[in-house]
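Asker: Dropping in target-v3.txt, with compact mmCIF, C-alpha atoms.
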```
# COMPACT_ATOMS: atom_id res chain seq x y z
CA MET U 1500 -3.05 -65.16 -8.35
CA ALA U 1501 0.69 -64.90 -7.84
CA ALA U 1502 2.04 -65.40 -4.36
CA PRO U 1503 3.52 -62.40 -2.58
CA GLY U 1504 6.92 -61.54 -4.03
CA GLU U 1505 6.25 -63.36 -7.35
CA VAL U 1506 5.43 -61.85 -10.73
CA ALA U 1507 2.10 -62.95 -12.17
CA GLN U 1508 2.34 -65.21 -15.22
CA GLY U 1509 2.18 -63.17 -18.37
CA GLY U 1510 2.67 -59.94 -16.45
CA PRO U 1511 5.46 -57.47 -17.12
CA ARG U 1512 8.87 -58.48 -15.84
CA PRO U 1513 11.87 -56.29 -15.10
CA ARG U 1514 14.23 -56.09 -18.06
CA GLU U 1515 17.65 -57.65 -17.86
CA GLY U 1516 20.36 -55.34 -16.61
CA ARG U 1517 17.95 -52.87 -15.02
CA HIS U 1518 17.19 -52.37 -11.36
CA THR U 1519 13.89 -51.59 -9.81
CA PRO U 1520 14.22 -48.02 -8.43
CA GLN U 1521 14.56 -47.77 -4.68
CA PHE U 1522 13.05 -44.84 -2.78
CA ARG U 1523 14.34 -43.77 0.58
CA ALA U 1524 11.97 -42.34 3.14
CA ALA U 1525 12.52 -38.63 3.75
CA HIS U 1526 14.08 -37.61 7.02
CA PRO U 1527 11.27 -36.61 9.42
CA VAL U 1528 12.66 -33.07 9.79
CA GLN U 1529 12.89 -32.62 6.01
CA ALA U 1530 9.39 -33.98 5.56
CA MET U 1531 7.99 -31.62 8.18
CA SER U 1532 9.80 -28.65 6.60
CA PHE U 1533 8.33 -29.51 3.21
CA VAL U 1534 4.81 -29.84 4.62
CA CYS U 1535 5.11 -26.52 6.51
CA GLY U 1536 6.33 -24.75 3.39
CA LEU U 1537 3.46 -26.21 1.38
CA MET U 1538 0.95 -25.13 4.01
CA ARG U 1539 2.37 -21.60 4.02
CA SER U 1540 2.08 -21.37 0.25
CA LEU U 1541 -1.53 -22.51 0.44
CA THR U 1542 -2.57 -20.23 3.30
CA MET U 1543 -0.38 -17.12 2.88
CA PRO U 1544 -2.46 -14.24 1.48
CA GLU U 1545 -1.44 -12.93 -1.92
CA VAL U 1546 -2.15 -9.36 -0.77
CA GLU U 1547 -1.67 -7.78 2.64
CA ILE U 1548 -2.17 -4.09 3.40
CA THR U 1549 -0.79 -2.38 6.50
CA TRP U 1550 -1.80 1.17 7.29
CA VAL U 1551 1.32 2.58 8.95
CA GLY U 1552 -0.37 5.94 9.46
CA HIS U 1553 -1.30 9.14 7.56
CA ALA U 1554 -0.65 8.29 3.87
CA THR U 1555 2.00 5.67 4.61
CA VAL U 1556 0.76 2.24 3.58
CA LEU U 1557 2.71 -0.99 3.14
CA ILE U 1558 1.24 -3.03 0.28
CA GLU U 1559 2.48 -6.60 -0.09
CA MET U 1560 1.32 -8.19 -3.33
CA ASP U 1561 2.56 -11.41 -4.93
CA GLY U 1562 5.86 -11.23 -3.06
CA VAL U 1563 6.46 -7.54 -3.87
CA ARG U 1564 6.49 -5.00 -1.04
CA LEU U 1565 5.61 -1.38 -1.87
CA LEU U 1566 5.56 1.55 0.55
CA THR U 1567 3.57 4.72 -0.12
CA ASP U 1568 4.46 8.24 1.04
CA PRO U 1569 6.80 7.21 3.89
CA VAL U 1570 6.53 9.56 6.86
CA LEU U 1571 8.00 7.63 9.78
CA ARG U 1572 9.25 10.27 12.21
CA HIS U 1573 7.55 11.52 15.34
CA ARG U 1574 7.60 15.14 14.18
CA ILE U 1575 7.27 16.72 10.73
CA GLY U 1576 7.66 20.50 10.87
CA PRO U 1577 4.99 21.78 13.26
CA LEU U 1578 3.11 18.48 13.24
CA VAL U 1579 3.53 15.78 15.89
CA ARG U 1580 2.46 12.17 15.71
CA LEU U 1581 -0.64 11.59 17.82
CA VAL U 1582 -0.29 7.81 17.83
CA ARG U 1583 2.56 5.42 18.59
CA ASP U 1584 5.62 5.83 16.37
CA PRO U 1585 5.97 3.06 13.77
CA GLY U 1586 8.62 0.43 14.30
CA ALA U 1587 11.40 -0.41 11.85
CA LEU U 1588 10.17 -1.66 8.51
CA SER U 1589 11.57 -4.63 6.61
CA PRO U 1590 13.09 -3.94 3.16
CA VAL U 1591 10.74 -3.01 0.35
CA GLU U 1592 11.02 -3.30 -3.43
CA CYS U 1593 9.59 0.13 -4.25
CA VAL U 1594 8.63 3.45 -2.66
CA LEU U 1595 5.74 5.37 -4.22
CA ILE U 1596 5.49 9.12 -3.60
CA SER U 1597 2.24 10.85 -4.56
CA HIS U 1598 3.44 14.48 -4.27
CA LEU U 1599 6.18 16.55 -2.71
CA HIS U 1600 4.46 18.03 0.35
CA ALA U 1601 6.49 17.52 3.52
CA ASP U 1602 3.89 15.27 5.15
CA HIS U 1603 4.11 12.90 2.16
CA ALA U 1604 7.72 13.23 1.03
CA ASP U 1605 9.82 13.52 4.17
CA VAL U 1606 13.48 13.31 3.21
CA ARG U 1607 14.71 11.83 6.49
CA SER U 1608 12.02 9.18 6.40
CA LEU U 1609 12.83 8.37 2.76
CA ARG U 1610 16.51 7.95 3.60
CA SER U 1611 15.64 5.58 6.45
CA VAL U 1612 13.77 3.15 4.20
CA HIS U 1613 15.71 0.12 2.96
CA CYS U 1614 14.46 0.15 -0.63
CA ARG U 1615 15.83 -2.50 -2.99
CA GLY U 1616 14.23 -0.90 -6.03
CA PRO U 1617 13.10 2.50 -7.29
CA PHE U 1618 11.91 5.56 -5.42
CA VAL U 1619 9.05 6.72 -7.66
CA ALA U 1620 7.90 10.35 -7.64
CA PRO U 1621 5.46 12.28 -9.81
CA HIS U 1622 7.09 14.00 -12.79
CA PRO U 1623 9.45 15.85 -12.63
CA GLY U 1624 10.35 14.76 -9.10
CA LYS U 1625 13.23 12.49 -10.10
CA ALA U 1626 15.78 15.32 -9.95
CA TRP U 1627 14.53 16.40 -6.52
CA LEU U 1628 14.95 12.84 -5.16
CA SER U 1629 18.36 12.31 -6.77
CA ALA U 1630 19.67 15.60 -5.37
CA ARG U 1631 18.86 14.25 -1.90
CA GLY U 1632 20.92 11.12 -2.39
CA LEU U 1633 18.13 8.65 -3.09
CA ALA U 1634 19.53 6.10 -5.53
CA GLY U 1635 17.33 4.59 -8.20
CA ALA U 1636 14.99 7.59 -8.32
CA THR U 1637 12.53 7.82 -11.17
CA ASP U 1638 9.29 9.65 -11.90
CA LEU U 1639 6.03 8.98 -13.69
CA ARG U 1640 3.39 11.07 -15.37
CA ALA U 1641 -0.26 10.08 -15.04
CA GLY U 1642 -0.83 7.15 -17.40
CA GLU U 1643 2.78 5.91 -17.30
CA ASP U 1644 3.69 2.71 -15.53
CA LEU U 1645 6.49 0.44 -14.39
CA ARG U 1646 6.77 -3.26 -13.61
CA LEU U 1647 8.11 -4.94 -10.49
CA GLY U 1648 8.14 -8.65 -11.27
CA THR U 1649 4.53 -9.62 -11.90
CA VAL U 1650 3.21 -6.40 -10.34
CA ARG U 1651 2.37 -3.39 -12.52
CA VAL U 1652 2.23 0.14 -11.10
CA THR U 1653 0.42 2.85 -13.07
CA ALA U 1654 0.38 6.53 -12.10
CA THR U 1655 -3.13 8.01 -12.04
CA PRO U 1656 -4.35 11.62 -12.03
CA ALA U 1657 -4.86 13.57 -8.80
CA THR U 1658 -6.10 17.08 -8.02
CA HIS U 1659 -3.87 18.72 -5.44
CA ASP U 1660 -1.38 21.57 -5.00
CA ARG U 1661 1.78 20.65 -6.94
CA ARG U 1662 4.21 22.83 -4.95
CA ARG U 1663 6.26 21.61 -1.98
CA TRP U 1664 6.35 25.10 -0.50
CA ARG U 1665 4.93 28.33 -1.79
CA PHE U 1666 8.10 28.98 -3.82
CA GLY U 1667 9.66 25.51 -3.61
CA PRO U 1668 10.02 22.63 -6.06
CA ALA U 1669 6.90 21.33 -7.77
CA ALA U 1670 5.65 18.10 -9.32
CA ASP U 1671 2.27 17.07 -10.67
CA PRO U 1672 0.50 15.01 -7.95
CA VAL U 1673 -0.55 11.48 -8.80
CA GLY U 1674 -2.14 8.41 -7.31
CA TYR U 1675 -1.10 4.86 -8.13
CA LEU U 1676 -2.97 1.79 -9.36
CA ILE U 1677 -1.10 -1.36 -8.34
CA ARG U 1678 -2.08 -4.53 -10.17
CA GLY U 1679 -1.05 -8.16 -9.77
CA SER U 1680 -3.22 -10.99 -8.50
CA SER U 1681 -5.38 -8.18 -7.08
CA SER U 1682 -5.61 -4.43 -7.66
CA VAL U 1683 -5.10 -1.63 -5.14
CA TYR U 1684 -5.68 2.07 -5.79
CA PHE U 1685 -3.70 4.49 -3.63
CA ALA U 1686 -5.20 7.94 -4.19
CA GLY U 1687 -2.40 9.90 -2.51
CA ASP U 1688 -3.85 13.31 -1.66
CA THR U 1689 -6.57 14.58 -3.97
CA ASP U 1690 -9.88 16.31 -4.34
CA LEU U 1691 -12.88 14.67 -5.95
CA PHE U 1692 -12.91 14.61 -9.77
CA LEU U 1693 -15.34 12.89 -12.11
CA SER U 1694 -12.75 10.95 -14.12
CA MET U 1695 -12.20 8.78 -11.04
CA ALA U 1696 -15.03 6.80 -12.62
CA GLU U 1697 -12.53 5.55 -15.23
CA LEU U 1698 -11.08 3.35 -12.49
CA ARG U 1699 -14.40 1.54 -12.08
CA GLY U 1700 -14.03 -2.18 -12.70
CA HIS U 1701 -10.25 -2.03 -12.19
CA VAL U 1702 -9.99 -1.65 -8.39
CA ASP U 1703 -10.41 -4.30 -5.71
CA VAL U 1704 -9.19 -2.12 -2.81
CA ALA U 1705 -9.27 1.68 -2.66
CA LEU U 1706 -7.04 3.52 -0.17
CA LEU U 1707 -8.71 6.91 0.10
CA PRO U 1708 -7.75 10.00 2.12
CA VAL U 1709 -10.68 11.17 4.22
CA TRP U 1710 -9.19 14.05 6.24
CA GLY U 1711 -5.86 15.68 7.08
CA TRP U 1712 -4.29 16.93 10.27
CA GLY U 1713 -6.26 20.03 11.26
CA SER U 1714 -9.79 21.02 12.20
CA ARG U 1715 -10.84 21.22 8.56
CA VAL U 1716 -9.63 20.37 5.06
CA GLY U 1717 -9.36 22.80 2.18
CA ALA U 1718 -9.38 22.57 -1.58
CA GLY U 1719 -7.42 19.68 -3.03
CA HIS U 1720 -8.50 17.26 -0.30
CA LEU U 1721 -11.22 14.70 0.30
CA ASP U 1722 -13.37 14.87 3.40
CA PRO U 1723 -15.55 11.97 4.63
CA GLU U 1724 -18.48 12.78 2.34
CA SER U 1725 -16.50 13.52 -0.82
CA ALA U 1726 -14.35 10.42 -0.18
CA ALA U 1727 -17.57 8.39 -0.05
CA ALA U 1728 -18.61 9.99 -3.36
CA ALA U 1729 -15.23 8.96 -4.78
CA THR U 1730 -15.89 5.42 -3.56
CA ALA U 1731 -19.21 5.42 -5.41
CA LEU U 1732 -17.44 6.52 -8.61
CA ILE U 1733 -14.66 3.94 -8.34
CA GLY U 1734 -16.74 1.00 -7.09
CA PRO U 1735 -14.07 -1.07 -5.30
CA ALA U 1736 -14.92 -4.22 -3.36
CA LEU U 1737 -13.21 -2.77 -0.29
CA ALA U 1738 -12.43 0.80 0.79
CA ILE U 1739 -9.92 1.69 3.52
CA PRO U 1740 -9.80 5.28 4.82
CA ILE U 1741 -6.34 6.76 5.28
CA HIS U 1742 -4.87 10.22 5.98
CA TRP U 1743 -6.69 10.79 9.26
CA GLY U 1744 -5.96 10.75 12.99
CA THR U 1745 -2.17 10.41 12.75
CA PHE U 1746 -0.66 13.91 12.89
CA GLY U 1747 -1.74 17.16 14.46
CA LEU U 1748 -0.50 20.35 16.02
CA PRO U 1749 1.08 19.94 19.47
CA HIS U 1750 -1.96 21.21 21.36
CA ALA U 1751 -4.07 18.49 19.73
CA SER U 1752 -2.06 15.78 21.49
CA ARG U 1753 -2.96 17.32 24.86
CA HIS U 1754 -6.70 17.42 24.27
CA ALA U 1755 -9.16 14.57 24.06
CA GLU U 1756 -10.28 14.95 20.44
CA ASP U 1757 -12.43 12.51 18.53
CA ARG U 1758 -9.68 11.54 16.10
CA GLU U 1759 -11.70 8.62 14.71
CA ARG U 1760 -14.58 10.82 13.61
CA PRO U 1761 -13.44 11.23 9.94
CA ALA U 1762 -13.14 7.46 9.44
CA ARG U 1763 -16.45 6.81 11.18
CA GLU U 1764 -18.24 9.43 9.09
CA PHE U 1765 -16.66 8.07 5.91
CA ALA U 1766 -18.06 4.61 6.71
CA ALA U 1767 -21.52 6.09 7.29
CA PHE U 1768 -21.50 8.14 4.06
CA THR U 1769 -20.22 5.16 2.07
CA LYS U 1770 -23.07 3.03 3.39
CA ARG U 1771 -25.41 5.66 1.95
CA TYR U 1772 -23.65 6.39 -1.36
CA ALA U 1773 -22.07 3.01 -2.18
CA PRO U 1774 -23.81 0.34 -0.08
CA ALA U 1775 -22.21 -2.53 -2.00
CA VAL U 1776 -18.71 -1.46 -0.93
CA GLU U 1777 -17.23 -2.87 2.27
CA VAL U 1778 -15.42 -0.35 4.47
CA ARG U 1779 -12.61 -1.52 6.72
CA VAL U 1780 -11.32 1.03 9.24
CA LEU U 1781 -7.79 0.21 10.38
CA ALA U 1782 -5.88 1.59 13.31
CA PRO U 1783 -2.33 2.82 12.60
CA GLY U 1784 -0.12 -0.26 12.35
CA GLU U 1785 -3.05 -2.60 11.68
CA ALA U 1786 -3.05 -4.92 8.65
CA VAL U 1787 -5.70 -6.63 6.56
CA ALA U 1788 -5.07 -9.74 4.46
CA LEU U 1789 -7.03 -10.36 1.27
```
Write out the structure in this file as structure tokens.
Answerer:
Amino acid sequence: MAAPGEVAQGGPRPREGRHTPQFRAAHPVQAMSFVCGLMRSLTMPEVEITWVGHATVLIEMDGVRLLTDPVLRHRIGPLVRLVRDPGALSPVECVLISHLHADHADVRSLRSVHCRGPFVAPHPGKAWLSARGLAGATDLRAGEDLRLGTVRVTATPATHDRRRWRFGPAADPVGYLIRGSSSVYFAGDTDLFLSMAELRGHVDVALLPVWGWGSRVGAGHLDPESAAAATALIGPALAIPIHWGTFGLPHASRHAEDRERPAREFAAFTKRYAPAVEVRVLAPGEAVAL
């Protein structure tokens, strides 16, 4: 056996004119920064969903941030926010608008969003957005899609009133299926329809409206039971109720109402109709990481 520092007889020797490479130890601060970055990449969730309130949801998937139906003000027409106002949002890559009703497409809220990519509306909403100074506006029909890096967004059908006002602009309401390392279905505002079953096997998380802002919901909306039936048709791994407990008429804010009832009833109906689906009820501003 060769002594320390010697090359064993018959073993490989360094070639003439070449130097054995020398490696310098990394600076402790650089090493720690590298380790922290590696740990973040290993532990950071690929998908995070924050329910901002009503139909406004921040979806972060594979480094892409998408915001649905931004309504960020304290008051929208006659409706007031019954919960704490949302704070400022960081920039997003895309804004998805399901339909043109004022509690889903609020112009002042849209203008306040720092969007680095397109504002997407249902067809033919592009002209309506552009006329209000929103750069990069586009629109999609159900079945059409767009790509944001590795994330694919597909517009899906919805059953809802297409008019903004009784005699105002109109666009065909849609939902959105967002696919990357996971898949999230944002239903927008819709009634129950049987072709929701076509989404089965394609949805990991379903964001489903379960109420509205008044004492009842009318045609074109899901209530807790019909939203649970939609969950049974779609078959996601996880369902999150949205569109409840955020806005109401001014008198509602002065009375102790059970604002959590729609979400609670949705969870109970889903346990009956789709027991394999997990329901996660979020408070406005709360996030869930997948």
Asker: Check the smallest atom-to-atom distance from each of U:Asp1690, U:Glu1759, U:Glu1777, U:Asp1568 to Asp1605 in chain U using all atoms listed in the file, then report the winner.
Answerer: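 Residue with the minimum atom-to-atom distance to Asp1605 in chain U: U:Asp1568.
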Asker: Quick one: of U:Thr1653, U:Ser1611, U:Ser1682, U:Thr1555, who's nearest to Pro1590 in chain U, counting only C-alpha atoms?
Answerer: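 Of the candidates, the smallest distance to Pro1590 in chain U is held by U:Ser1611.
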Asker: For Ala1686 in chain U, which residue out of U:Val1673, U:Leu1789, U:Val1652, U:Val1551 is the nearest one, using all atoms listed in the file?
Answerer: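 Of the candidates, the smallest distance to Ala1686 in chain U is held by U:Val1673.
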Asker: What does the structure give for the distance between CA of Ala1705 in chain U and CA of Val1582 in chain U, in Å to one decimal?
Answerer: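 For CA of Ala1705 in chain U relative to CA of Val1582 in chain U, the distance reads 23.2 Å.
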Asker: Using Å and a single decimal, report how far CA of Val1594 in chain U sits from CA of Ile1548 in chain U.
Answerer: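 Separating CA of Ile1548 in chain U from CA of Val1594 in chain U is a distance of 14.5 Å.
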Asker: Would you compute the distance between CA of Thr1649 in chain U and CA of Ala1636 in chain U? Give it in Å to one decimal.
Answerer: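 Straight-line distance from CA of Thr1649 in chain U to CA of Ala1636 in chain U works out to 20.5 Å.
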Asker: Return the single residue from U:Leu1595, U:Ile1733, U:Ile1741, U:Val1546 that is closest to Pro1783 in chain U, with distances computed using all atoms listed in the file.
Answerer: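 Closest to Pro1783 in chain U, using all atoms listed in the file: U:Ile1741.
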Asker: Which of these, U:Gly1784, U:Gly1586, U:Pro1656, U:Pro1617, has the shortest distance to Thr1637 in chain U once you count only C-alpha atoms?
Answerer: U:Pro1617
Asker: Which one is closest to Asp1561 in chain U: U:Ser1589, U:Thr1730, U:Ser1680, U:Thr1769? Count all atoms listed in the file.
Answerer: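 Residue with the minimum atom-to-atom distance to Asp1561 in chain U: U:Ser1680.
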Asker: Around (-0.3, 12.7, 5.9) in the file's frame, which residues reach within 8 Å when counting all atoms listed in the file? Return as a tab-separated table (two decimals) with C-alpha atoms, in the frame of the given file?
Answerer:
```tsv
chain	number	residue	atom	x	y	z
U	1552	GLY	CA	-0.37	5.94	9.46
U	1553	HIS	CA	-1.30	9.14	7.56
U	1554	ALA	CA	-0.65	8.29	3.87
U	1555	THR	CA	2.00	5.67	4.61
U	1570	VAL	CA	6.53	9.56	6.86
U	1602	ASP	CA	3.89	15.27	5.15
U	1603	HIS	CA	4.11	12.90	2.16
U	1711	GLY	CA	-5.86	15.68	7.08
U	1712	TRP	CA	-4.29	16.93	10.27
U	1742	HIS	CA	-4.87	10.22	5.98
U	1743	TRP	CA	-6.69	10.79	9.26
U	1745	THR	CA	-2.17	10.41	12.75
U	1746	PHE	CA	-0.66	13.91	12.89
```
Asker: Need the neighbours of (-6.2, 10.8, -9.1): which residues are at most 9 Å away, counting all atoms listed in the file, as a ChimeraX atom specification?
Answerer: /U:1641,1654-1658,1672-1675,1685-1692,1694-1695
Asker: When you look at Arg1678 in chain U with a cut-off of 7 Å (counting only C-alpha atoms), what residues show up, excluding the ones that are within fewer than 5 positions of it in the same chain? I need them as a PyMOL selection string.
Answerer: chain U and resi 1650-1652+1683
